[in-house]
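S.K.: One structure, pasted below without further comment.
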Amino acid sequence: MFTCNKNVFVASIRIYSIRSMCVCERFSCYSPERNRNFSRPSEAADDAVVYVHWPYCRRRCTYCNFNKYISASIDHDRMRRCLVRETETLLQQSGATKVNSVFFGGGTPNLALPGTMAAVLEVISQNALLPTDAEVTLEANPSSTETDKLREFKAAGINRLSLGIQTFSPADLKVLGRDHTVEDSLRAIQEGRALFPGRLSLDLIFGRPGQTVQAWQGELQQALSVCDDHISLYQLTLERGTALFTQVEHKHQTVPDPDTMADLYACARDMLHAAGFYQYEVSNFARNGAESSHNLAYWRGKQYIGVGPGAHGRFASRGGGQTLREARIQILEPQHWMREVDRLGHATAKRTVQSQLDILEELVMMGLRITEGLTNERWQQFSGGASLGDVFGTSQVVQGFVAAGLLEFSHSVLKATRSGMAVLDSIIPDLLLVTQDFHQQYTQGDPTGPQVSHRAE
């Protein structure tokens, strides 16, 4: 019988930015005379990844607050036309000459017609290099009516599948409001492994109402008996406005306490490690080289282009002559989004030019999520030349985390240890404060922060 290690710090895995706080720590070893280029950088990359959002679902799960819509009828022709047009427009605006991966998320993207995915991939290949071995992922619901098209999706260009299994407990599937059964999951896994060998990922949720470590261990054993080489584990987050939040608020459901939540996470990590899985990110585990290259691009701070209702992006609009990275958000509601795409070629609701501090904070928050950590090479691409050592080398906060066994730090990399990953949300805020204090003392140039444009035509 497998024994779970319960010696783990209590933490949720969510990360929050606390820009409003400040610190008084000083950096005596760093000389601004030695480096006067700590200024807002330009984005020099010619490559990017593309995320495409399909907003429709058959039903809304009790825990979900994503941008999704329940519609009795979907205008597939118009959605395909608009997704293709916005993809082309944003690719041209970005100036990207190579797309390394594509991810179709949602919503429930396998409700779309396979021809929609094929058309999007075709327009990408017409406007940039899309390598023949580029990772192209489809998120999918394992319900029987939706997995029947998996072969068609593969023919359309999909080569990696992410199945939203969430749980192998029939009772918990009902609590979560899922529209599939355990039998549907097992069938979808079998078919997915046959069609996408080595490229099938399972999503599981822990911290569900009433969940125990013993029951979770049984689910993980079942998952390991049928899975391929990638598993994602997500802690249930109660989002205000969802049905499950209301149920817990009114005490109709009870979620595990923090100690049990930590035990569930520790149990999963230990069991997956024993089965040969490598934890390459807080929530993601892979073996046999099956890491998601698309998600790694996010965590490494690469450019990404968000297409579709409510999609987010981070890229420099070099096709329009700009060199500074922008944070973009597309219009949320599908009908409004389609009208704007028909009118303008895209439906960008807001464009925010990111300040250097914005980008550096994101590098810290995302880079510490992955086992490889934040590298000095990547940091210096955006820091204007200041190294990790310049910023964190004499920080008593960082030294304290290192002494506690939560961080590893050298001049080439800053990363969380195995123990540190379990309490990342208690580490990140202090590292953000160190970054903010350093930037405040030594930055030169425009101190006013990011500029916001609500519409760019």
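By order in the structure tokens, chains are A, B, ...; within a chain, residues start at 1; ligands start at 1, following the order shown.
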Return as a Markdown table the residues of range 227-325 of chain A lying at most 10 Å from range 374-381 of chain A, together with the closest atom-to-atom pair for each and the distance in Å to one decimal, counting only C-alpha atoms, with rows in chain order and ascending residue number.

M.R.:
```
| residue | atom | partner | partner_atom | distance |
| --- | --- | --- | --- | --- |
| A:Trp299 | CA | A:Leu374 | CA | 9.1 |
| A:Arg300 | CA | A:Leu374 | CA | 7.6 |
| A:Gly301 | CA | A:Arg378 | CA | 8.2 |
| A:Lys302 | CA | A:Arg378 | CA | 9.5 |
```

S.K.: What's around Leu233 in chain A at 7 Å? Count only C-alpha atoms, leave out sequence neighbours fewer than 3 positions away in its own chain, and write the answer as a PyMOL selection string.

M.R.: chain A and resi 203-205+283-284

S.K.: Take the selection from the previous step and output its residues with N, CA and C atoms, as a short mmCIF file (atom, residue, chain, number, x, y, z; two decimals), in the first residue's frame.

M.R.:
```cif
data_model
loop_
_atom_site.label_atom_id
_atom_site.label_comp_id
_atom_site.auth_asym_id
_atom_site.auth_seq_id
_atom_site.Cartn_x
_atom_site.Cartn_y
_atom_site.Cartn_z
N ASP A 203 -6.75 16.02 -16.80
CA ASP A 203 -6.94 17.05 -15.78
C ASP A 203 -7.74 16.46 -14.63
N LEU A 204 -7.24 16.64 -13.40
CA LEU A 204 -7.93 16.19 -12.20
C LEU A 204 -8.02 17.35 -11.21
N ILE A 205 -9.13 17.41 -10.47
CA ILE A 205 -9.33 18.44 -9.45
C ILE A 205 -9.28 17.81 -8.08
N SER A 283 1.41 22.51 -10.95
CA SER A 283 0.24 21.66 -11.15
C SER A 283 0.42 20.60 -12.22
N ASN A 284 1.60 20.50 -12.82
CA ASN A 284 1.76 19.64 -13.99
C ASN A 284 2.88 18.63 -13.82
#
```

S.K.: Of the candidates A:Gln126, A:Asn141, A:Ser292, A:Asn65, which shows the shortest atom-to-atom distance to Ser201 in chain A, using only C-alpha atoms?

M.R.: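 Looking at the shortest contact to Ser201 in chain A, the residue is A:Ser292.
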
S.K.: Which residues come within 10 Å of Thr89 in chain A, counting only C-alpha atoms, excluding same-chain residues fewer than 4 positions away, as a list of chain:residue names?

M.R.: A:Leu83, A:Val84, A:Arg85, A:Gln93, A:Ser94, A:Asn127, A:Val307, A:Gly319, A:Val341, A:Leu344, A:Gly345, A:His346, A:Ala347

S.K.: With N, CA, C and O atoms kept, could you save the residues just selected as a PDB file, in the first residue's frame?

M.R.:
```pdb
ATOM      1  N   LEU A  83     -12.908  33.623 -36.141  1.00  0.00           N
ATOM      2  CA  LEU A  83     -11.670  33.122 -35.533  1.00  0.00           C
ATOM      3  C   LEU A  83     -10.514  33.189 -36.532  1.00  0.00           C
ATOM      4  O   LEU A  83      -9.389  33.565 -36.181  1.00  0.00           O
ATOM      5  N   VAL A  84     -10.792  32.839 -37.769  1.00  0.00           N
ATOM      6  CA  VAL A  84      -9.756  32.899 -38.805  1.00  0.00           C
ATOM      7  C   VAL A  84      -9.311  34.334 -39.035  1.00  0.00           C
ATOM      8  O   VAL A  84      -8.103  34.635 -39.104  1.00  0.00           O
ATOM      9  N   ARG A  85     -10.272  35.237 -39.131  1.00  0.00           N
ATOM     10  CA  ARG A  85      -9.918  36.632 -39.425  1.00  0.00           C
ATOM     11  C   ARG A  85      -9.145  37.258 -38.280  1.00  0.00           C
ATOM     12  O   ARG A  85      -8.152  37.965 -38.494  1.00  0.00           O
ATOM     13  N   GLN A  93      -0.329  41.908 -36.735  1.00  0.00           N
ATOM     14  CA  GLN A  93       0.022  42.971 -35.799  1.00  0.00           C
ATOM     15  C   GLN A  93       1.260  42.602 -34.984  1.00  0.00           C
ATOM     16  O   GLN A  93       2.094  43.456 -34.685  1.00  0.00           O
ATOM     17  N   SER A  94       1.371  41.350 -34.609  1.00  0.00           N
ATOM     18  CA  SER A  94       2.497  40.921 -33.771  1.00  0.00           C
ATOM     19  C   SER A  94       3.813  40.908 -34.527  1.00  0.00           C
ATOM     20  O   SER A  94       4.878  41.051 -33.922  1.00  0.00           O
ATOM     21  N   ASN A 127       0.535  32.817 -42.575  1.00  0.00           N
ATOM     22  CA  ASN A 127       1.085  34.083 -42.093  1.00  0.00           C
ATOM     23  C   ASN A 127       2.361  33.932 -41.277  1.00  0.00           C
ATOM     24  O   ASN A 127       3.002  34.924 -40.942  1.00  0.00           O
ATOM     25  N   VAL A 307      -6.640  34.624 -29.178  1.00  0.00           N
ATOM     26  CA  VAL A 307      -7.679  34.805 -30.195  1.00  0.00           C
ATOM     27  C   VAL A 307      -9.000  34.297 -29.644  1.00  0.00           C
ATOM     28  O   VAL A 307      -9.056  33.259 -28.977  1.00  0.00           O
ATOM     29  N   GLY A 319       4.140  44.607 -35.956  1.00  0.00           N
ATOM     30  CA  GLY A 319       3.584  44.840 -37.288  1.00  0.00           C
ATOM     31  C   GLY A 319       3.060  46.250 -37.433  1.00  0.00           C
ATOM     32  O   GLY A 319       2.964  46.780 -38.542  1.00  0.00           O
ATOM     33  N   VAL A 341     -15.112  41.855 -34.846  1.00  0.00           N
ATOM     34  CA  VAL A 341     -14.195  41.201 -35.785  1.00  0.00           C
ATOM     35  C   VAL A 341     -14.649  41.461 -37.215  1.00  0.00           C
ATOM     36  O   VAL A 341     -13.832  41.755 -38.101  1.00  0.00           O
ATOM     37  N   LEU A 344     -13.672  45.269 -37.746  1.00  0.00           N
ATOM     38  CA  LEU A 344     -12.285  45.730 -37.648  1.00  0.00           C
ATOM     39  C   LEU A 344     -11.231  44.678 -37.997  1.00  0.00           C
ATOM     40  O   LEU A 344     -10.071  45.019 -38.182  1.00  0.00           O
ATOM     41  N   GLY A 345     -11.646  43.432 -38.013  1.00  0.00           N
ATOM     42  CA  GLY A 345     -10.668  42.367 -38.214  1.00  0.00           C
ATOM     43  C   GLY A 345     -10.186  41.770 -36.915  1.00  0.00           C
ATOM     44  O   GLY A 345      -9.519  40.733 -36.895  1.00  0.00           O
ATOM     45  N   HIS A 346     -10.501  42.423 -35.806  1.00  0.00           N
ATOM     46  CA  HIS A 346     -10.166  41.918 -34.477  1.00  0.00           C
ATOM     47  C   HIS A 346     -11.123  42.560 -33.489  1.00  0.00           C
ATOM     48  O   HIS A 346     -11.832  43.515 -33.822  1.00  0.00           O
ATOM     49  N   ALA A 347     -11.151  41.999 -32.261  1.00  0.00           N
ATOM     50  CA  ALA A 347     -12.061  42.541 -31.247  1.00  0.00           C
ATOM     51  C   ALA A 347     -11.309  42.754 -29.943  1.00  0.00           C
ATOM     52  O   ALA A 347     -11.723  42.292 -28.884  1.00  0.00           O
TER      53      ALA A 347
END
```

S.K.: Counting only C-alpha atoms, what is within 12 Å of Thr348 in chain A, bar same-chain residues fewer than 6 positions away, as a ChimeraX atom specification?

M.R.: /A:86-87,89-90,93,305-313,326-333,336-341,453-457

S.K.: Produce a file of the selected residues containing C-alpha atoms, as an mmCIF file, in the first residue's frame.

M.R.:
```
data_model
loop_
_atom_site.group_PDB
_atom_site.id
_atom_site.type_symbol
_atom_site.label_atom_id
_atom_site.label_comp_id
_atom_site.auth_asym_id
_atom_site.auth_seq_id
_atom_site.Cartn_x
_atom_site.Cartn_y
_atom_site.Cartn_z
ATOM 1 C CA GLU A 86 -8.863 37.623 -35.909
ATOM 2 C CA THR A 87 -6.029 35.087 -35.957
ATOM 3 C CA THR A 89 -5.069 40.186 -37.950
ATOM 4 C CA LEU A 90 -3.323 39.612 -34.616
ATOM 5 C CA GLN A 93 0.022 42.971 -35.799
ATOM 6 C CA ILE A 305 -1.374 35.723 -28.981
ATOM 7 C CA GLY A 306 -4.902 35.295 -27.632
ATOM 8 C CA VAL A 307 -7.679 34.805 -30.195
ATOM 9 C CA GLY A 308 -11.413 34.557 -29.530
ATOM 10 C CA PRO A 309 -13.918 35.938 -26.998
ATOM 11 C CA GLY A 310 -12.216 36.902 -23.730
ATOM 12 C CA ALA A 311 -8.774 35.646 -24.781
ATOM 13 C CA HIS A 312 -5.700 37.279 -23.243
ATOM 14 C CA GLY A 313 -2.402 37.941 -24.993
ATOM 15 C CA GLU A 326 1.304 44.837 -24.598
ATOM 16 C CA ALA A 327 -1.204 42.995 -22.440
ATOM 17 C CA ARG A 328 -4.342 42.461 -24.507
ATOM 18 C CA ILE A 329 -7.861 41.322 -23.711
ATOM 19 C CA GLN A 330 -10.444 40.480 -26.374
ATOM 20 C CA ILE A 331 -14.145 41.330 -26.026
ATOM 21 C CA LEU A 332 -15.893 38.785 -23.796
ATOM 22 C CA GLU A 333 -19.364 38.225 -25.223
ATOM 23 C CA HIS A 336 -20.319 41.437 -29.592
ATOM 24 C CA TRP A 337 -16.920 39.901 -30.335
ATOM 25 C CA MET A 338 -18.069 38.680 -33.766
ATOM 26 C CA ARG A 339 -19.545 42.078 -34.677
ATOM 27 C CA GLU A 340 -16.229 43.791 -33.895
ATOM 28 C CA VAL A 341 -14.195 41.201 -35.785
ATOM 29 C CA SER A 453 -5.591 52.253 -24.793
ATOM 30 C CA HIS A 454 -9.163 50.926 -24.842
ATOM 31 C CA ARG A 455 -9.363 50.505 -28.578
ATOM 32 C CA ALA A 456 -6.735 50.257 -31.275
ATOM 33 C CA GLU A 457 -7.971 50.060 -34.805
#
```

S.K.: Which neighbours of Pro55 in chain A fall inside 8 Å, counting only C-alpha atoms, when residues of the same chain fewer than 2 positions from it are skipped, and could you give them as a short mmCIF file (atom, residue, chain, number, x, y, z; two decimals) with N, CA and C atoms, in the first residue's frame?

M.R.:
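Result file is part.cif:
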```cif
data_model
loop_
_atom_site.label_atom_id
_atom_site.label_comp_id
_atom_site.auth_asym_id
_atom_site.auth_seq_id
_atom_site.Cartn_x
_atom_site.Cartn_y
_atom_site.Cartn_z
N HIS A 53 -9.69 30.69 -28.14
CA HIS A 53 -10.75 30.41 -27.17
C HIS A 53 -12.07 30.13 -27.85
N CYS A 57 -20.32 26.06 -24.20
CA CYS A 57 -20.41 24.81 -23.45
C CYS A 57 -21.85 24.30 -23.52
N ASN A 67 -14.92 32.34 -19.00
CA ASN A 67 -15.73 33.04 -19.99
C ASN A 67 -16.34 32.01 -20.94
N LYS A 68 -17.55 31.55 -20.57
CA LYS A 68 -18.20 30.54 -21.38
C LYS A 68 -19.70 30.83 -21.45
N TYR A 69 -20.34 30.31 -22.50
CA TYR A 69 -21.73 30.63 -22.77
C TYR A 69 -22.48 29.37 -23.18
N GLY A 106 -11.19 26.52 -23.82
CA GLY A 106 -12.55 27.00 -23.71
C GLY A 106 -13.02 27.13 -22.27
N GLY A 107 -14.35 27.13 -22.12
CA GLY A 107 -15.36 26.57 -22.98
C GLY A 107 -15.12 25.07 -23.20
N THR A 108 -15.80 24.57 -24.21
CA THR A 108 -15.63 23.17 -24.62
C THR A 108 -15.28 23.15 -26.09
N PRO A 109 -14.00 23.22 -26.43
CA PRO A 109 -13.59 23.35 -27.84
C PRO A 109 -14.00 22.17 -28.72
N GLY A 308 -10.09 35.02 -29.93
CA GLY A 308 -11.41 34.56 -29.53
C GLY A 308 -11.97 35.34 -28.36
N PRO A 309 -13.26 35.16 -28.05
CA PRO A 309 -13.92 35.94 -27.00
C PRO A 309 -13.24 35.79 -25.64
N PRO A 334 -19.60 36.61 -27.06
CA PRO A 334 -19.37 36.13 -28.43
C PRO A 334 -20.03 36.96 -29.52
#
```

S.K.: Within 12 Å of range 396-413 of chain A, counting only C-alpha atoms, which residues qualify if same-chain residues fewer than 3 places away don't, as a PyMOL selection string?

M.R.: chain A and resi 8-9+23-28+364+367-380+386-393+416-435

S.K.: Please report, as an MDAnalysis selection string, each residue of range 177-329 of chain A to which DSSP assigns alpha helix (DSSP H) when run on this structure's backbone.

M.R.: chainID A and resid 182:195 213:226 243:249 258:274 293:299

S.K.: Within 10 Å of Thr242 in chain A, counting only C-alpha atoms, which residues show up once you throw out same-chain ones fewer than 2 positions away? Write them as a PDB file with C-alpha atoms, in the first residue's frame, please.

M.R.:
```pdb
ATOM      1  CA  ARG A  60     -22.015  25.375 -16.786  1.00  0.00           C
ATOM      2  CA  CYS A  61     -20.134  23.395 -14.143  1.00  0.00           C
ATOM      3  CA  THR A  62     -20.876  24.360 -10.532  1.00  0.00           C
ATOM      4  CA  TYR A  63     -17.309  25.583  -9.888  1.00  0.00           C
ATOM      5  CA  CYS A  64     -16.544  27.348 -13.165  1.00  0.00           C
ATOM      6  CA  ASN A  65     -16.332  31.109 -13.691  1.00  0.00           C
ATOM      7  CA  LEU A 238     -14.288  28.557  -4.840  1.00  0.00           C
ATOM      8  CA  GLU A 239     -15.122  31.460  -7.127  1.00  0.00           C
ATOM      9  CA  ARG A 240     -17.741  33.975  -6.038  1.00  0.00           C
ATOM     10  CA  LEU A 244     -20.581  25.682  -5.670  1.00  0.00           C
ATOM     11  CA  PHE A 245     -19.471  28.860  -3.912  1.00  0.00           C
ATOM     12  CA  THR A 246     -23.083  29.477  -2.887  1.00  0.00           C
ATOM     13  CA  GLN A 247     -23.481  25.892  -1.695  1.00  0.00           C
TER      14      GLN A 247
END
```

S.K.: Do you have, as CSV, the list of residues of range 289-312 of chain A lying at most 12 Å from range 153-160 of chain A, each with its nearest atom pair and that distance in Å to one decimal, counting only C-alpha atoms and ordered by chain then number?

M.R.:
```
residue,atom,partner,partner_atom,distance
A:Ala290,CA,A:Arg160,CA,10.0
A:Glu291,CA,A:Arg160,CA,11.1
A:Ser292,CA,A:Arg160,CA,9.1
A:Ser293,CA,A:Arg160,CA,10.8
A:His294,CA,A:Arg160,CA,10.8
```

S.K.: Residues as selected, N, CA, C and O atoms, written as a tab-separated table (two decimals), in the first residue's frame, can you do that?

M.R.:
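Result file is selection_2.tsv:
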```
chain	number	residue	atom	x	y	z
A	290	ALA	N	6.89	14.30	-22.02
A	290	ALA	CA	5.55	14.70	-22.46
A	290	ALA	C	5.13	16.06	-21.92
A	290	ALA	O	3.94	16.39	-21.91
A	291	GLU	N	6.05	16.90	-21.47
A	291	GLU	CA	5.70	18.24	-20.98
A	291	GLU	C	4.97	19.03	-22.06
A	291	GLU	O	5.22	18.86	-23.26
A	292	SER	N	4.07	19.91	-21.64
A	292	SER	CA	3.35	20.77	-22.58
A	292	SER	C	4.25	21.94	-22.97
A	292	SER	O	4.50	22.83	-22.15
A	293	SER	N	4.68	21.96	-24.22
A	293	SER	CA	5.55	23.05	-24.66
A	293	SER	C	4.77	24.36	-24.72
A	293	SER	O	5.34	25.43	-24.53
A	294	HIS	N	3.47	24.29	-24.98
A	294	HIS	CA	2.67	25.51	-25.05
A	294	HIS	C	2.60	26.18	-23.68
A	294	HIS	O	2.85	27.38	-23.54
```

S.K.: Using only C-alpha atoms, which residue out of A:Glu183, A:Asp229, A:Glu219, A:Asp358 lies closest to Arg287 in chain A?

M.R.: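 Closest to Arg287 in chain A, using only C-alpha atoms: A:Asp229.
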
S.K.: Mind giving me the straight-line distance from CA of Gln217 in chain A to CA of Gly192 in chain A in Å, one decimal?

M.R.: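 Between CA of Gln217 in chain A and CA of Gly192 in chain A the gap works out to 23.7 Å.
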
S.K.: Find the residue from A:Ala188, A:Ala119, A:Ala243, A:Ala223 that sits nearest to Val175 in chain A; use only C-alpha atoms when measuring.

M.R.: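 Among the listed residues, A:Ala243 lies closest to Val175 in chain A.
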
S.K.: Calculate how many Å separate CA of Gly241 in chain A from CA of Thr167 in chain A, rounding to one decimal.

M.R.: 22.4 Å

S.K.: Please return, as a PyMOL selection string, all residues of range 298-450 of chain A that DSSP assigns to strand (DSSP E or B) on the basis of the backbone.

M.R.: chain A and resi 304-307+312-316+325-330+348-353+370+374-375+407-409+413-416

S.K.: Could those selected residues go to a file with N, CA, C and O atoms, as a tab-separated table (two decimals), in the first residue's frame?

M.R.:
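After the write, again_38.tsv holds the following:
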```
chain	number	residue	atom	x	y	z
A	304	TYR	N	2.60	35.44	-26.35
A	304	TYR	CA	1.48	34.61	-26.76
A	304	TYR	C	0.36	35.50	-27.28
A	304	TYR	O	0.12	36.59	-26.80
A	305	ILE	N	-0.31	35.00	-28.30
A	305	ILE	CA	-1.37	35.72	-28.98
A	305	ILE	C	-2.69	35.05	-28.62
A	305	ILE	O	-2.86	33.85	-28.84
A	306	GLY	N	-3.61	35.83	-28.04
A	306	GLY	CA	-4.90	35.30	-27.63
A	306	GLY	C	-5.99	35.66	-28.62
A	306	GLY	O	-6.23	36.83	-28.89
A	307	VAL	N	-6.64	34.62	-29.18
A	307	VAL	CA	-7.68	34.80	-30.20
A	307	VAL	C	-9.00	34.30	-29.64
A	307	VAL	O	-9.06	33.26	-28.98
A	312	HIS	N	-6.74	36.36	-23.67
A	312	HIS	CA	-5.70	37.28	-23.24
A	312	HIS	C	-4.44	37.03	-24.08
A	312	HIS	O	-4.19	35.91	-24.51
A	313	GLY	N	-3.65	38.07	-24.26
A	313	GLY	CA	-2.40	37.94	-24.99
A	313	GLY	C	-1.32	38.81	-24.40
A	313	GLY	O	-1.59	39.75	-23.64
A	314	ARG	N	-0.09	38.49	-24.74
A	314	ARG	CA	1.08	39.29	-24.37
A	314	ARG	C	2.02	39.31	-25.57
A	314	ARG	O	2.69	38.32	-25.86
A	315	PHE	N	2.04	40.41	-26.29
A	315	PHE	CA	2.96	40.50	-27.42
A	315	PHE	C	3.19	41.94	-27.81
A	315	PHE	O	2.39	42.83	-27.47
A	316	ALA	N	4.27	42.18	-28.52
A	316	ALA	CA	4.58	43.51	-29.04
A	316	ALA	C	3.96	43.64	-30.42
A	316	ALA	O	4.10	42.76	-31.26
A	325	ARG	N	6.02	45.45	-25.30
A	325	ARG	CA	5.03	44.39	-25.11
A	325	ARG	C	3.74	44.96	-24.54
A	325	ARG	O	3.74	45.81	-23.69
A	326	GLU	N	2.63	44.43	-25.04
A	326	GLU	CA	1.30	44.84	-24.60
A	326	GLU	C	0.56	43.66	-23.97
A	326	GLU	O	0.72	42.52	-24.40
A	327	ALA	N	-0.24	43.96	-22.96
A	327	ALA	CA	-1.20	42.99	-22.44
A	327	ALA	C	-2.53	43.28	-23.13
A	327	ALA	O	-3.01	44.41	-23.11
A	328	ARG	N	-3.11	42.27	-23.74
A	328	ARG	CA	-4.34	42.46	-24.51
A	328	ARG	C	-5.46	41.57	-23.97
A	328	ARG	O	-5.23	40.45	-23.53
A	329	ILE	N	-6.68	42.09	-24.06
A	329	ILE	CA	-7.86	41.32	-23.71
A	329	ILE	C	-8.88	41.51	-24.83
A	329	ILE	O	-9.17	42.65	-25.23
A	330	GLN	N	-9.43	40.41	-25.33
A	330	GLN	CA	-10.44	40.48	-26.37
A	330	GLN	C	-11.84	40.62	-25.73
A	330	GLN	O	-12.05	40.25	-24.57
A	348	THR	N	-10.20	43.47	-30.03
A	348	THR	CA	-9.42	43.78	-28.83
A	348	THR	C	-10.14	44.82	-28.00
A	348	THR	O	-10.41	45.93	-28.47
A	349	ALA	N	-10.48	44.45	-26.76
A	349	ALA	CA	-11.20	45.36	-25.88
A	349	ALA	C	-10.27	46.34	-25.20
A	349	ALA	O	-10.62	47.50	-24.98
A	350	LYS	N	-9.07	45.87	-24.84
A	350	LYS	CA	-8.13	46.74	-24.12
A	350	LYS	C	-6.71	46.35	-24.46
A	350	LYS	O	-6.37	45.17	-24.52
A	351	ARG	N	-5.88	47.35	-24.66
A	351	ARG	CA	-4.43	47.16	-24.86
A	351	ARG	C	-3.69	47.97	-23.82
A	351	ARG	O	-3.90	49.17	-23.70
A	352	THR	N	-2.84	47.32	-23.06
A	352	THR	CA	-2.07	48.00	-22.03
A	352	THR	C	-0.59	47.79	-22.31
A	352	THR	O	-0.11	46.65	-22.32
A	353	VAL	N	0.12	48.86	-22.59
A	353	VAL	CA	1.57	48.76	-22.75
A	353	VAL	C	2.17	48.41	-21.40
A	353	VAL	O	1.98	49.13	-20.42
A	370	ILE	N	7.67	26.90	-12.33
A	370	ILE	CA	8.26	25.74	-12.99
A	370	ILE	C	9.51	25.28	-12.27
A	370	ILE	O	10.24	26.07	-11.67
A	374	LEU	N	13.47	30.51	-12.75
A	374	LEU	CA	13.68	31.72	-13.55
A	374	LEU	C	15.17	31.84	-13.83
A	374	LEU	O	15.98	32.00	-12.92
A	375	THR	N	15.53	31.78	-15.11
A	375	THR	CA	16.94	31.84	-15.47
A	375	THR	C	17.42	33.28	-15.62
A	375	THR	O	16.64	34.18	-15.97
A	407	LEU	N	13.89	27.95	-1.36
A	407	LEU	CA	14.42	28.46	-2.62
A	407	LEU	C	15.83	27.96	-2.83
A	407	LEU	O	16.58	27.70	-1.88
A	408	GLU	N	16.21	27.85	-4.11
A	408	GLU	CA	17.60	27.67	-4.51
A	408	GLU	C	17.97	28.89	-5.36
A	408	GLU	O	17.21	29.30	-6.23
A	409	PHE	N	19.15	29.45	-5.09
A	409	PHE	CA	19.53	30.66	-5.81
A	409	PHE	C	21.00	30.62	-6.16
A	409	PHE	O	21.86	30.28	-5.35
A	413	VAL	N	20.22	31.15	-11.85
A	413	VAL	CA	18.83	30.72	-11.74
A	413	VAL	C	18.30	30.97	-10.33
A	413	VAL	O	19.04	30.90	-9.34
A	414	LEU	N	17.01	31.31	-10.27
A	414	LEU	CA	16.28	31.41	-9.02
A	414	LEU	C	15.11	30.45	-9.13
A	414	LEU	O	14.30	30.56	-10.06
A	415	LYS	N	14.99	29.48	-8.23
A	415	LYS	CA	13.92	28.50	-8.35
A	415	LYS	C	13.46	28.01	-6.99
A	415	LYS	O	14.19	28.08	-5.99
A	416	ALA	N	12.23	27.50	-6.97
A	416	ALA	CA	11.67	26.94	-5.75
A	416	ALA	C	12.11	25.48	-5.61
A	416	ALA	O	12.25	24.76	-6.59
```

S.K.: Given only C-alpha atoms as the basis, pick out the residue of A:Gln356, A:Thr260, A:Ser162, A:Ser101 nearest to Ser125 in chain A.

M.R.: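 Smallest distance to Ser125 in chain A is found for A:Ser101.
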
S.K.: How many Å separate CA of Leu220 in chain A from CA of Arg208 in chain A?

M.R.: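 The value is 14.1 Å.
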